[in-house]
Amino acid sequence: MRTRSADAGLVVTTAEGAGAPGQPASALALVGVSAGYGRIPIVHDVSIEIRRGQIVALVGSNGSGKSTLMKSVIGLLPALSGTILLAGLDVTAAQPEARVARGLGYVPQVNDVFNRLDVRENLEMGAYRMRRGQVAGRIDEILEAFPTLKPLIRRNARQLSGGQRKLVAIARVLMTSPSMLLLDEPTAGLAPQLAEEILTTQVAVLAELGCGVLLVEQRVAEAFRVADHAYVLVNGHIYLGGRPAEVIETPGFDRLMLGLDLAVPAPGPSAAPGPGQESAG
């Protein structure tokens, strides 16, 4: 059953996204989503689910459609078909600001901090929807979750390392306590040690805080160590989905990551189960 909400473009659905008894609620569900530029689809019939407290890695070669899918979820690109659900709420036609208001956070690959502001001011920018009296307390909570930012709180963003800047970007998005967070290449341009710190420590913190996390990442081994579930996107199609340890051992996985076509058809939806389901292989 669906009913129109007071926010234009938002549809409440009671039939999907609620989660099975005893399981975390669904933070994000994509059902048969195709998206692209104009009317030309780049991603095709993508169905995935992420529950609160879970990390799902989305990997694939350059040009496979990962960023296009992320932009469709946040609302920067319209979905050409299919349904996008946030905590059971149909936001397929909603504007980006309405999706943010409903609990969606997004950390882009670049341009993710305000260079002229210090760390505290960056966090305050993320609190634009909060009451003034709530901001200081929320900053304290964020600093407890990310203690490495405490001594940097008055440092200008331009003086931070790449890893520190990425932490500030993530922390700013967390100011409004999103239920679902999109991370687009959070380790891009970082040294290997910093990249591993971001993925294996800081991204794990997000799940502990109760967020669902969709992680687009090129460092596959590191991403798979922290992820609960993984999908491989090739030429806009989901080819593999399952537990990371199973996905990475699938014959032909390396060829898929290089964007090479295999002599097998793309699996159907049953080969890309949600995080709470069994893997198909």
# chains A, B, ... in the order shown; residues from 1 in each chain; ligands from 1
>>> select_by_dssp(residues="range 105-231 of chain A", states="strand (DSSP E or B)", output="PyMOL selection string")
chain A and resi 105-107+118+156+180-184+212-216+229-231
>>> write_last_selection(atoms="C-alpha atoms", output="PDB file, in the first residue's frame")
ATOM      1  CA  GLY A 105      24.040  11.214   3.173  1.00  0.00           C
ATOM      2  CA  TYR A 106      26.552  11.502   0.328  1.00  0.00           C
ATOM      3  CA  VAL A 107      30.330  11.976   0.372  1.00  0.00           C
ATOM      4  CA  ASP A 118      38.312  25.114   9.861  1.00  0.00           C
ATOM      5  CA  ASN A 156      41.908  25.150   8.460  1.00  0.00           C
ATOM      6  CA  MET A 180      22.106   5.670   4.836  1.00  0.00           C
ATOM      7  CA  LEU A 181      25.485   6.920   3.615  1.00  0.00           C
ATOM      8  CA  LEU A 182      26.938   6.836   0.105  1.00  0.00           C
ATOM      9  CA  LEU A 183      30.750   6.896  -0.080  1.00  0.00           C
ATOM     10  CA  ASP A 184      32.173   7.460  -3.563  1.00  0.00           C
ATOM     11  CA  GLY A 212      23.800   1.617   6.111  1.00  0.00           C
ATOM     12  CA  VAL A 213      26.842   2.213   3.893  1.00  0.00           C
ATOM     13  CA  LEU A 214      27.150   1.874   0.121  1.00  0.00           C
ATOM     14  CA  LEU A 215      30.875   1.958  -0.584  1.00  0.00           C
ATOM     15  CA  VAL A 216      32.175   2.494  -4.119  1.00  0.00           C
ATOM     16  CA  HIS A 229      28.161  -7.880   1.066  1.00  0.00           C
ATOM     17  CA  ALA A 230      29.596  -7.070  -2.345  1.00  0.00           C
ATOM     18  CA  TYR A 231      28.373  -6.439  -5.880  1.00  0.00           C
TER      19      TYR A 231
END
>>> select_by_dssp(residues="range 50-205 of chain A", states="alpha helix (DSSP H)", output="number ranges by chain")
A: 66-74, 96-101, 119-125, 132-145, 162-174, 192-197, 203-205
>>> closest_residue(among="A:Glu217, A:Glu97, A:Glu49, A:Glu124", to="Leu233 in chain A", atoms="only C-alpha atoms")
A:Glu217
>>> closest_residue(among="A:Pro108, A:Gly63, A:Gly53, A:Pro96", to="Ser179 in chain A", atoms="only C-alpha atoms")
A:Gly53
>>> closest_residue(among="A:Val168, A:Leu117, A:Leu28, A:Ile42", to="Leu104 in chain A", atoms="only C-alpha atoms")
A:Leu28
>>> closest_residue(among="A:Leu149, A:Val43, A:Arg120, A:Val226", to="Ala136 in chain A", atoms="only C-alpha atoms")
A:Arg120
>>> closest_residue(among="A:Ala169, A:Leu174, A:Ile248, A:Ile198", to="Asn111 in chain A", atoms="only C-alpha atoms")
A:Ala169
>>> atom_distance(atom1="CA of Ser47 in chain A", atom2="CA of Thr201 in chain A")
28.0 Å
>>> residues_around(residues="Ala79 in chain A", least_positions_apart="5", cutoff="10 Å", atoms="only C-alpha atoms", output="VMD selection string")
chain A and resid 32 to 37 39 41 43 69 71 to 73 84 92 to 93
>>> write_last_selection(atoms="C-alpha atoms", output="compact mmCIF listing (two decimals), in the first residue's frame")
# COMPACT_ATOMS: atom_id res chain seq x y z
CA GLY A 32 15.12 -2.64 -11.07
CA VAL A 33 16.78 0.77 -11.35
CA SER A 34 18.08 1.96 -14.71
CA ALA A 35 19.72 5.38 -14.98
CA GLY A 36 21.81 7.44 -17.35
CA TYR A 37 22.11 10.73 -19.14
CA ARG A 39 17.25 8.86 -22.06
CA PRO A 41 20.78 4.19 -19.79
CA VAL A 43 23.14 1.26 -15.58
CA LEU A 69 24.29 4.71 -10.00
CA LYS A 71 24.19 10.01 -8.65
CA SER A 72 20.84 8.38 -9.34
CA VAL A 73 20.46 7.33 -5.69
CA ILE A 84 14.48 3.80 -5.05
CA THR A 92 12.38 7.84 -6.90
CA ALA A 93 10.90 11.20 -7.94
>>> closest_residue(among="A:Val59, A:Val220, A:Leu167, A:Met70", to="Gly241 in chain A", atoms="only C-alpha atoms")
A:Val59
>>> atom_distance(atom1="CA of Gly126 in chain A", atom2="CA of Gln193 in chain A")
27.5 Å
